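A quick write-up on the structure given underneath.
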Amino acid sequence: MSNYKRIKGTKDIFGEEIDYWYYVENKAKEMLEKYGFREIRTPIIESEELFSRGVGQETDIVQKEMYTFEDKKGRILALRPEGTASVVRAYIENSMINFGSPQKFFYIGPMFRYEKPQSGRYREFYQIGAEIFGTDYPLADAELIDFLYEYFKTLKLTNFKIKINSIGTTKSREKYKKVLKEYYNPFLPILCEDCQRRYNANILRLLDCKIDKDVAANAPSILDYLDNESKEHFESLKKYLDVFEVPYEIDPKIVRGLDYYSKTAFEVEHLDLGEQAVIAGGGRYDDLVEQLGGPKTPAVGFAIGIERIIEALKKEHIEVENFSQIDVYIAYQGEQAELECIKLSKELRKYKIKTYLNLSKRNLSGQLKHANRLNAKLTIIMGEEEVVDDVVTVRNMETGEQTKVQRSWVTELVLEKLKEFS
Ligand code: HAM
């Protein structure tokens, strides 16, 4: 046993689990490209200040969840806790505004938050994120939500709910915050520790507290305090969602845990997931680009939690394709057969056949056992006799049926036989 262990809240992903990751990531990439998004890859380390300013000083992320460290030159860096601030930084730093707008980016990668690990909550987790820069048009918000709906349907998920809200512009929110403080004031002594702490620092977050739900239930609705601009934006968003035929619920308690949002906020909840049920979240952040030193640029985006999606797929018993299953195992005996099989492996791989060439000194029956353990569909067997006769044996590993074929016809026969498996 090794003395080294995984860091708490992280995971090793391998074996059959990888098939779920391929399923989720491949479909996401394919669909994001269909919606006109281009990939962006930003570094995993950034300056700590990018997040403390971008995500917000008073958020849980900045207060207690960031992995920060000093590098050898005394710079304070952080492992990114989310992707939006990084993409905004890249957008400004690379003067992407000059490439015309709006611009649509997506990213897939690990994020890091020092949270209490539990089911659905990790310290290293993966997000699929999308951001649109340079439009304040509510159609952009609606298109993102439509993407989420279509994507989850494509994954064959059914038991999820889309919830939308508007948290207004910064100005209209100030008025609401005052009203909310007045409402919560008499309850202050009986509220949970988190709510008491957030009462002054981040009053909106009291609305999504899991403990003081009853107090939140009767709180005044933010939707009654929107200014005209936010109201119109929200009305248009709803209209567009209807045109896209996306089902949604309005939930005035969706406030999001990051500070940069304005107007639209949304979340997707999976109904089988228990405590950590939010599989995607996002919204509009019209002030962030400017706040981080760029030109005024309205923007909107979302991020999906990959681990939670996979959990949801399992809960709904959705089977995924076995992407890594080996098509052909090549077993051989003898020096001459080995040389011939090396050539054969190159030939099969040219035809995109997943080929596993034996790399051991095992005898043929040991190699067949290995092929079985690897769950290969077919095994090609070439012993000394076969070399002499210029033939190979192709074995269907499911039925045990064996066919002898001329060496020059192997690839064709393999391609034919593989069709039986799809
Ligand atoms: P977020 O709500 O903090 O938003 O995270 C988005 C999603 O990431 C969550 O809905 C959840 O599925 C997943 N997630 C968050 N924390 C964890 C964790 N500790 N373990 C597992 N999964 C987790 C953002 O990060 C924003 N940047 C989204 C966005 C993009 N807004 C605008 N553009």
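Residues are referred to by chain and number: the chain letter is A, B, ... according to the order shown in the structure tokens, the number counts from 1 in that chain, and ligands are numbered separately from 1 in the order shown.
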
Give me, as a PDB file with N, CA and C atoms, in the first residue's frame, the set of residues whose atoms come within 7 Å of any atom of ligand 1, counting only C-alpha atoms and all ligand atoms.
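Once written, out.pdb looks like this:
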```pdb
ATOM      1  N   GLU A  82     -13.728  29.225  -9.972  1.00  0.00           N
ATOM      2  CA  GLU A  82     -14.787  29.261 -11.000  1.00  0.00           C
ATOM      3  C   GLU A  82     -14.164  29.809 -12.271  1.00  0.00           C
ATOM      4  N   GLY A  83     -14.911  29.780 -13.386  1.00  0.00           N
ATOM      5  CA  GLY A  83     -14.298  30.137 -14.657  1.00  0.00           C
ATOM      6  C   GLY A  83     -14.587  31.540 -15.170  1.00  0.00           C
ATOM      7  N   THR A  84     -15.682  32.136 -14.712  1.00  0.00           N
ATOM      8  CA  THR A  84     -16.127  33.392 -15.319  1.00  0.00           C
ATOM      9  C   THR A  84     -15.089  34.514 -15.200  1.00  0.00           C
ATOM     10  N   ARG A 113     -12.541  24.511  -4.754  1.00  0.00           N
ATOM     11  CA  ARG A 113     -13.128  25.255  -3.631  1.00  0.00           C
ATOM     12  C   ARG A 113     -12.943  24.441  -2.362  1.00  0.00           C
ATOM     13  N   GLU A 115     -14.417  23.421   0.233  1.00  0.00           N
ATOM     14  CA  GLU A 115     -15.728  23.265   0.872  1.00  0.00           C
ATOM     15  C   GLU A 115     -15.714  21.987   1.679  1.00  0.00           C
ATOM     16  N   GLY A 120     -21.804  15.056  -3.991  1.00  0.00           N
ATOM     17  CA  GLY A 120     -22.132  16.168  -4.896  1.00  0.00           C
ATOM     18  C   GLY A 120     -21.355  17.438  -4.612  1.00  0.00           C
ATOM     19  N   ARG A 121     -20.491  17.402  -3.594  1.00  0.00           N
ATOM     20  CA  ARG A 121     -19.692  18.597  -3.318  1.00  0.00           C
ATOM     21  C   ARG A 121     -18.240  18.188  -3.089  1.00  0.00           C
ATOM     22  N   TYR A 122     -17.368  18.690  -3.961  1.00  0.00           N
ATOM     23  CA  TYR A 122     -15.965  18.285  -3.922  1.00  0.00           C
ATOM     24  C   TYR A 122     -15.081  19.509  -3.830  1.00  0.00           C
ATOM     25  N   ARG A 123     -13.812  19.256  -3.524  1.00  0.00           N
ATOM     26  CA  ARG A 123     -12.867  20.379  -3.470  1.00  0.00           C
ATOM     27  C   ARG A 123     -12.241  20.615  -4.838  1.00  0.00           C
ATOM     28  N   GLU A 124     -12.131  19.551  -5.602  1.00  0.00           N
ATOM     29  CA  GLU A 124     -11.817  19.719  -7.027  1.00  0.00           C
ATOM     30  C   GLU A 124     -13.012  19.178  -7.792  1.00  0.00           C
ATOM     31  N   PHE A 125     -13.606  19.977  -8.625  1.00  0.00           N
ATOM     32  CA  PHE A 125     -14.766  19.525  -9.402  1.00  0.00           C
ATOM     33  C   PHE A 125     -14.664  20.152 -10.788  1.00  0.00           C
ATOM     34  N   TYR A 126     -15.401  19.584 -11.728  1.00  0.00           N
ATOM     35  CA  TYR A 126     -15.302  20.046 -13.114  1.00  0.00           C
ATOM     36  C   TYR A 126     -16.554  20.802 -13.534  1.00  0.00           C
ATOM     37  N   GLN A 127     -16.327  21.854 -14.278  1.00  0.00           N
ATOM     38  CA  GLN A 127     -17.460  22.608 -14.836  1.00  0.00           C
ATOM     39  C   GLN A 127     -17.385  22.638 -16.358  1.00  0.00           C
ATOM     40  N   GLY A 129     -18.609  25.423 -18.820  1.00  0.00           N
ATOM     41  CA  GLY A 129     -19.131  26.787 -18.709  1.00  0.00           C
ATOM     42  C   GLY A 129     -19.291  27.428 -20.073  1.00  0.00           C
ATOM     43  N   ALA A 130     -20.176  28.401 -20.155  1.00  0.00           N
ATOM     44  CA  ALA A 130     -20.351  29.159 -21.400  1.00  0.00           C
ATOM     45  C   ALA A 130     -20.575  30.620 -21.037  1.00  0.00           C
ATOM     46  N   GLU A 131     -19.999  31.512 -21.814  1.00  0.00           N
ATOM     47  CA  GLU A 131     -20.134  32.949 -21.548  1.00  0.00           C
ATOM     48  C   GLU A 131     -20.380  33.675 -22.871  1.00  0.00           C
ATOM     49  N   ARG A 256     -28.138  33.225  -6.204  1.00  0.00           N
ATOM     50  CA  ARG A 256     -26.785  32.854  -6.596  1.00  0.00           C
ATOM     51  C   ARG A 256     -25.761  33.251  -5.528  1.00  0.00           C
ATOM     52  N   GLY A 257     -24.684  32.485  -5.476  1.00  0.00           N
ATOM     53  CA  GLY A 257     -23.701  32.685  -4.421  1.00  0.00           C
ATOM     54  C   GLY A 257     -22.532  33.574  -4.805  1.00  0.00           C
ATOM     55  N   LEU A 258     -22.576  34.139  -6.021  1.00  0.00           N
ATOM     56  CA  LEU A 258     -21.473  34.989  -6.459  1.00  0.00           C
ATOM     57  C   LEU A 258     -22.026  36.394  -6.641  1.00  0.00           C
ATOM     58  N   GLU A 267     -31.081  28.753 -12.284  1.00  0.00           N
ATOM     59  CA  GLU A 267     -30.475  27.503 -11.820  1.00  0.00           C
ATOM     60  C   GLU A 267     -31.267  26.331 -12.381  1.00  0.00           C
ATOM     61  N   VAL A 278     -28.304  21.328  -7.386  1.00  0.00           N
ATOM     62  CA  VAL A 278     -28.174  22.295  -8.484  1.00  0.00           C
ATOM     63  C   VAL A 278     -27.117  21.794  -9.475  1.00  0.00           C
ATOM     64  N   ILE A 279     -27.568  21.441 -10.677  1.00  0.00           N
ATOM     65  CA  ILE A 279     -26.636  20.878 -11.663  1.00  0.00           C
ATOM     66  C   ILE A 279     -26.065  21.967 -12.588  1.00  0.00           C
ATOM     67  N   ALA A 280     -26.701  23.125 -12.595  1.00  0.00           N
ATOM     68  CA  ALA A 280     -26.168  24.229 -13.403  1.00  0.00           C
ATOM     69  C   ALA A 280     -26.686  25.544 -12.846  1.00  0.00           C
ATOM     70  N   GLY A 281     -25.869  26.572 -12.996  1.00  0.00           N
ATOM     71  CA  GLY A 281     -26.317  27.886 -12.518  1.00  0.00           C
ATOM     72  C   GLY A 281     -25.667  28.973 -13.347  1.00  0.00           C
ATOM     73  N   GLY A 282     -26.331  30.116 -13.415  1.00  0.00           N
ATOM     74  CA  GLY A 282     -25.723  31.206 -14.168  1.00  0.00           C
ATOM     75  C   GLY A 282     -26.565  32.455 -14.106  1.00  0.00           C
ATOM     76  N   GLY A 283     -26.226  33.389 -14.985  1.00  0.00           N
ATOM     77  CA  GLY A 283     -26.975  34.632 -15.025  1.00  0.00           C
ATOM     78  C   GLY A 283     -26.191  35.705 -15.741  1.00  0.00           C
ATOM     79  N   ARG A 284     -26.754  36.895 -15.667  1.00  0.00           N
ATOM     80  CA  ARG A 284     -26.173  38.045 -16.359  1.00  0.00           C
ATOM     81  C   ARG A 284     -25.203  38.756 -15.434  1.00  0.00           C
ATOM     82  N   TYR A 285     -24.132  39.289 -15.987  1.00  0.00           N
ATOM     83  CA  TYR A 285     -23.171  40.051 -15.162  1.00  0.00           C
ATOM     84  C   TYR A 285     -22.684  41.252 -15.976  1.00  0.00           C
ATOM     85  N   VAL A 300     -23.342  37.454 -20.116  1.00  0.00           N
ATOM     86  CA  VAL A 300     -24.228  36.481 -19.478  1.00  0.00           C
ATOM     87  C   VAL A 300     -23.617  35.090 -19.683  1.00  0.00           C
ATOM     88  N   GLY A 301     -23.840  34.194 -18.712  1.00  0.00           N
ATOM     89  CA  GLY A 301     -23.239  32.864 -18.852  1.00  0.00           C
ATOM     90  C   GLY A 301     -23.789  31.858 -17.862  1.00  0.00           C
ATOM     91  N   PHE A 302     -23.266  30.648 -17.953  1.00  0.00           N
ATOM     92  CA  PHE A 302     -23.653  29.605 -16.993  1.00  0.00           C
ATOM     93  C   PHE A 302     -22.498  28.646 -16.773  1.00  0.00           C
ATOM     94  N   ALA A 303     -22.614  27.833 -15.735  1.00  0.00           N
ATOM     95  CA  ALA A 303     -21.689  26.698 -15.576  1.00  0.00           C
ATOM     96  C   ALA A 303     -22.471  25.499 -15.072  1.00  0.00           C
ATOM     97  N   ILE A 304     -22.076  24.336 -15.623  1.00  0.00           N
ATOM     98  CA  ILE A 304     -22.706  23.064 -15.275  1.00  0.00           C
ATOM     99  C   ILE A 304     -21.706  22.271 -14.431  1.00  0.00           C
ATOM    100  N   GLY A 305     -22.155  21.599 -13.389  1.00  0.00           N
ATOM    101  CA  GLY A 305     -21.267  20.766 -12.579  1.00  0.00           C
ATOM    102  C   GLY A 305     -21.245  19.337 -13.122  1.00  0.00           C
ATOM    103  N   ILE A 306     -20.102  18.906 -13.662  1.00  0.00           N
ATOM    104  CA  ILE A 306     -20.059  17.591 -14.335  1.00  0.00           C
ATOM    105  C   ILE A 306     -20.340  16.436 -13.360  1.00  0.00           C
ATOM    106  N   GLU A 307     -19.735  16.460 -12.165  1.00  0.00           N
ATOM    107  CA  GLU A 307     -19.939  15.341 -11.226  1.00  0.00           C
ATOM    108  C   GLU A 307     -21.421  15.182 -10.901  1.00  0.00           C
ATOM    109  N   ARG A 308     -22.098  16.310 -10.757  1.00  0.00           N
ATOM    110  CA  ARG A 308     -23.533  16.237 -10.408  1.00  0.00           C
ATOM    111  C   ARG A 308     -24.366  15.694 -11.560  1.00  0.00           C
TER     112      ARG A 308
END
```

* **Who sits within 10 Å of stretch 338-351 of chain A, only C-alpha atoms, same chain under 2 positions skipped, as a ChimeraX atom specification** => /A:327-336,353-359,380-384,387,390,392,407-408,410-412,414-415

* To do: Would you mind telling me which residue in A:Glu386, A:Glu416, A:Glu311, A:Glu249 lies nearest to A:Ile164 when using only C-alpha atoms?
  => A:Glu249

* Asked: In Å to one decimal, how far is atom CA of A:Asp272 from atom CA of A:Ile7?
  ->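 Atom CA of A:Asp272 lies at a distance of 27.7 Å from atom CA of A:Ile7.
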
* Picked from stretch 315-359 of chain A by DSSP as strand (DSSP E), as a count of residues only -> 8

* Residue set, stretch 62-271 of chain A restricted to alpha helix (DSSP H), as number ranges by chain -> A: 84-93, 138-154, 170-184, 193-201, 213-217, 228-244

* Find the residues around A:Arg38 up to 7 Å (only C-alpha atoms counted), leave out those fewer than 5 positions away in its own chain, and share them as a PyMOL selection string. => chain A and resi 33+104-106

I need the chosen residues saved as a PDB file, in the first residue's frame, with N, CA, C and O atoms.
```pdb
ATOM      1  N   GLU A  33     -20.733  23.831 -29.874  1.00  0.00           N
ATOM      2  CA  GLU A  33     -20.284  24.273 -31.188  1.00  0.00           C
ATOM      3  C   GLU A  33     -21.484  24.533 -32.101  1.00  0.00           C
ATOM      4  O   GLU A  33     -21.495  25.481 -32.870  1.00  0.00           O
ATOM      5  N   LYS A 104     -18.924  34.402 -28.106  1.00  0.00           N
ATOM      6  CA  LYS A 104     -19.408  33.272 -27.303  1.00  0.00           C
ATOM      7  C   LYS A 104     -18.273  32.298 -27.030  1.00  0.00           C
ATOM      8  O   LYS A 104     -17.653  31.800 -27.973  1.00  0.00           O
ATOM      9  N   PHE A 105     -18.027  32.057 -25.756  1.00  0.00           N
ATOM     10  CA  PHE A 105     -16.938  31.154 -25.360  1.00  0.00           C
ATOM     11  C   PHE A 105     -17.476  29.998 -24.532  1.00  0.00           C
ATOM     12  O   PHE A 105     -18.451  30.159 -23.802  1.00  0.00           O
ATOM     13  N   PHE A 106     -16.783  28.863 -24.622  1.00  0.00           N
ATOM     14  CA  PHE A 106     -17.072  27.808 -23.646  1.00  0.00           C
ATOM     15  C   PHE A 106     -15.775  27.225 -23.097  1.00  0.00           C
ATOM     16  O   PHE A 106     -14.704  27.396 -23.700  1.00  0.00           O
TER      17      PHE A 106
END
```

* **Selected residue of minimal separation from A:Lys213 among A:Ser365, A:Lys417, A:Ile162, A:Lys253, counting only C-alpha atoms** =>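 Checking each candidate against A:Lys213, we get A:Lys253 as the closest.
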
* Using only C-alpha atoms, which of A:Glu65, A:Glu398, A:Glu269, A:Asp242 sits nearest A:Leu139? ->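 Of all the options, A:Asp242 lies closest to A:Leu139.
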
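In this comparison, which uses only C-alpha atoms, the residue of A:Gln276, A:Thr68, A:Asn185, A:Ser101 approaching A:Lys210 most closely is A:Gln276.
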
Can you pull out every residue within 12 Å of A:Asp194, counting only C-alpha atoms, but drop anything in the same chain fewer than 4 positions away, and send it as a CSV table (one decimal) with N, CA and C atoms, in the first residue's frame?
```csv
chain,number,residue,atom,x,y,z
A,59,THR,N,-18.4,36.9,-0.6
A,59,THR,CA,-19.0,35.6,-0.9
A,59,THR,C,-18.3,34.5,-0.1
A,60,ASP,N,-18.9,33.4,0.0
A,60,ASP,CA,-18.3,32.2,0.7
A,60,ASP,C,-17.0,31.8,0.0
A,188,LEU,N,-33.8,38.1,13.7
A,188,LEU,CA,-32.3,38.0,13.8
A,188,LEU,C,-31.9,37.1,15.0
A,190,ILE,N,-33.1,34.5,16.3
A,190,ILE,CA,-33.4,33.1,16.1
A,190,ILE,C,-32.9,32.5,14.8
A,198,ARG,N,-24.4,36.8,7.6
A,198,ARG,CA,-24.7,37.4,6.3
A,198,ARG,C,-25.6,38.5,6.3
A,199,TYR,N,-26.3,38.7,7.5
A,199,TYR,CA,-27.3,39.7,7.6
A,199,TYR,C,-26.8,41.1,7.1
A,200,ASN,N,-25.6,41.4,7.6
A,200,ASN,CA,-25.0,42.7,7.3
A,200,ASN,C,-24.1,42.6,6.0
A,201,ALA,N,-23.5,41.5,5.8
A,201,ALA,CA,-22.5,41.4,4.7
A,201,ALA,C,-23.2,41.0,3.4
A,202,ASN,N,-24.2,40.2,3.4
A,202,ASN,CA,-24.8,39.7,2.1
A,202,ASN,C,-26.2,39.2,2.3
A,203,ILE,N,-27.1,40.2,2.6
A,203,ILE,CA,-28.4,39.9,3.0
A,203,ILE,C,-29.2,39.0,2.0
A,205,ARG,N,-28.3,36.4,0.4
A,205,ARG,CA,-28.1,35.0,0.6
A,205,ARG,C,-29.0,34.4,1.7
A,206,LEU,N,-29.6,35.2,2.5
A,206,LEU,CA,-30.5,34.6,3.6
A,206,LEU,C,-31.7,33.9,2.9
A,207,LEU,N,-32.0,34.4,1.7
A,207,LEU,CA,-33.1,33.8,1.0
A,207,LEU,C,-32.9,32.3,0.6
A,208,ASP,N,-31.6,31.9,0.3
A,208,ASP,CA,-31.4,30.5,-0.1
A,208,ASP,C,-30.8,29.7,1.1
A,209,CYS,N,-31.0,30.2,2.3
A,209,CYS,CA,-30.6,29.4,3.5
A,209,CYS,C,-31.4,28.1,3.6
A,210,LYS,N,-30.7,27.0,3.8
A,210,LYS,CA,-31.4,25.7,3.9
A,210,LYS,C,-32.0,25.5,5.3
A,211,ILE,N,-31.5,26.2,6.3
A,211,ILE,CA,-32.0,26.0,7.6
A,211,ILE,C,-33.2,26.9,7.9
A,212,ASP,N,-33.1,28.2,7.6
A,212,ASP,CA,-34.2,29.2,7.9
A,212,ASP,C,-35.1,29.3,6.7
```
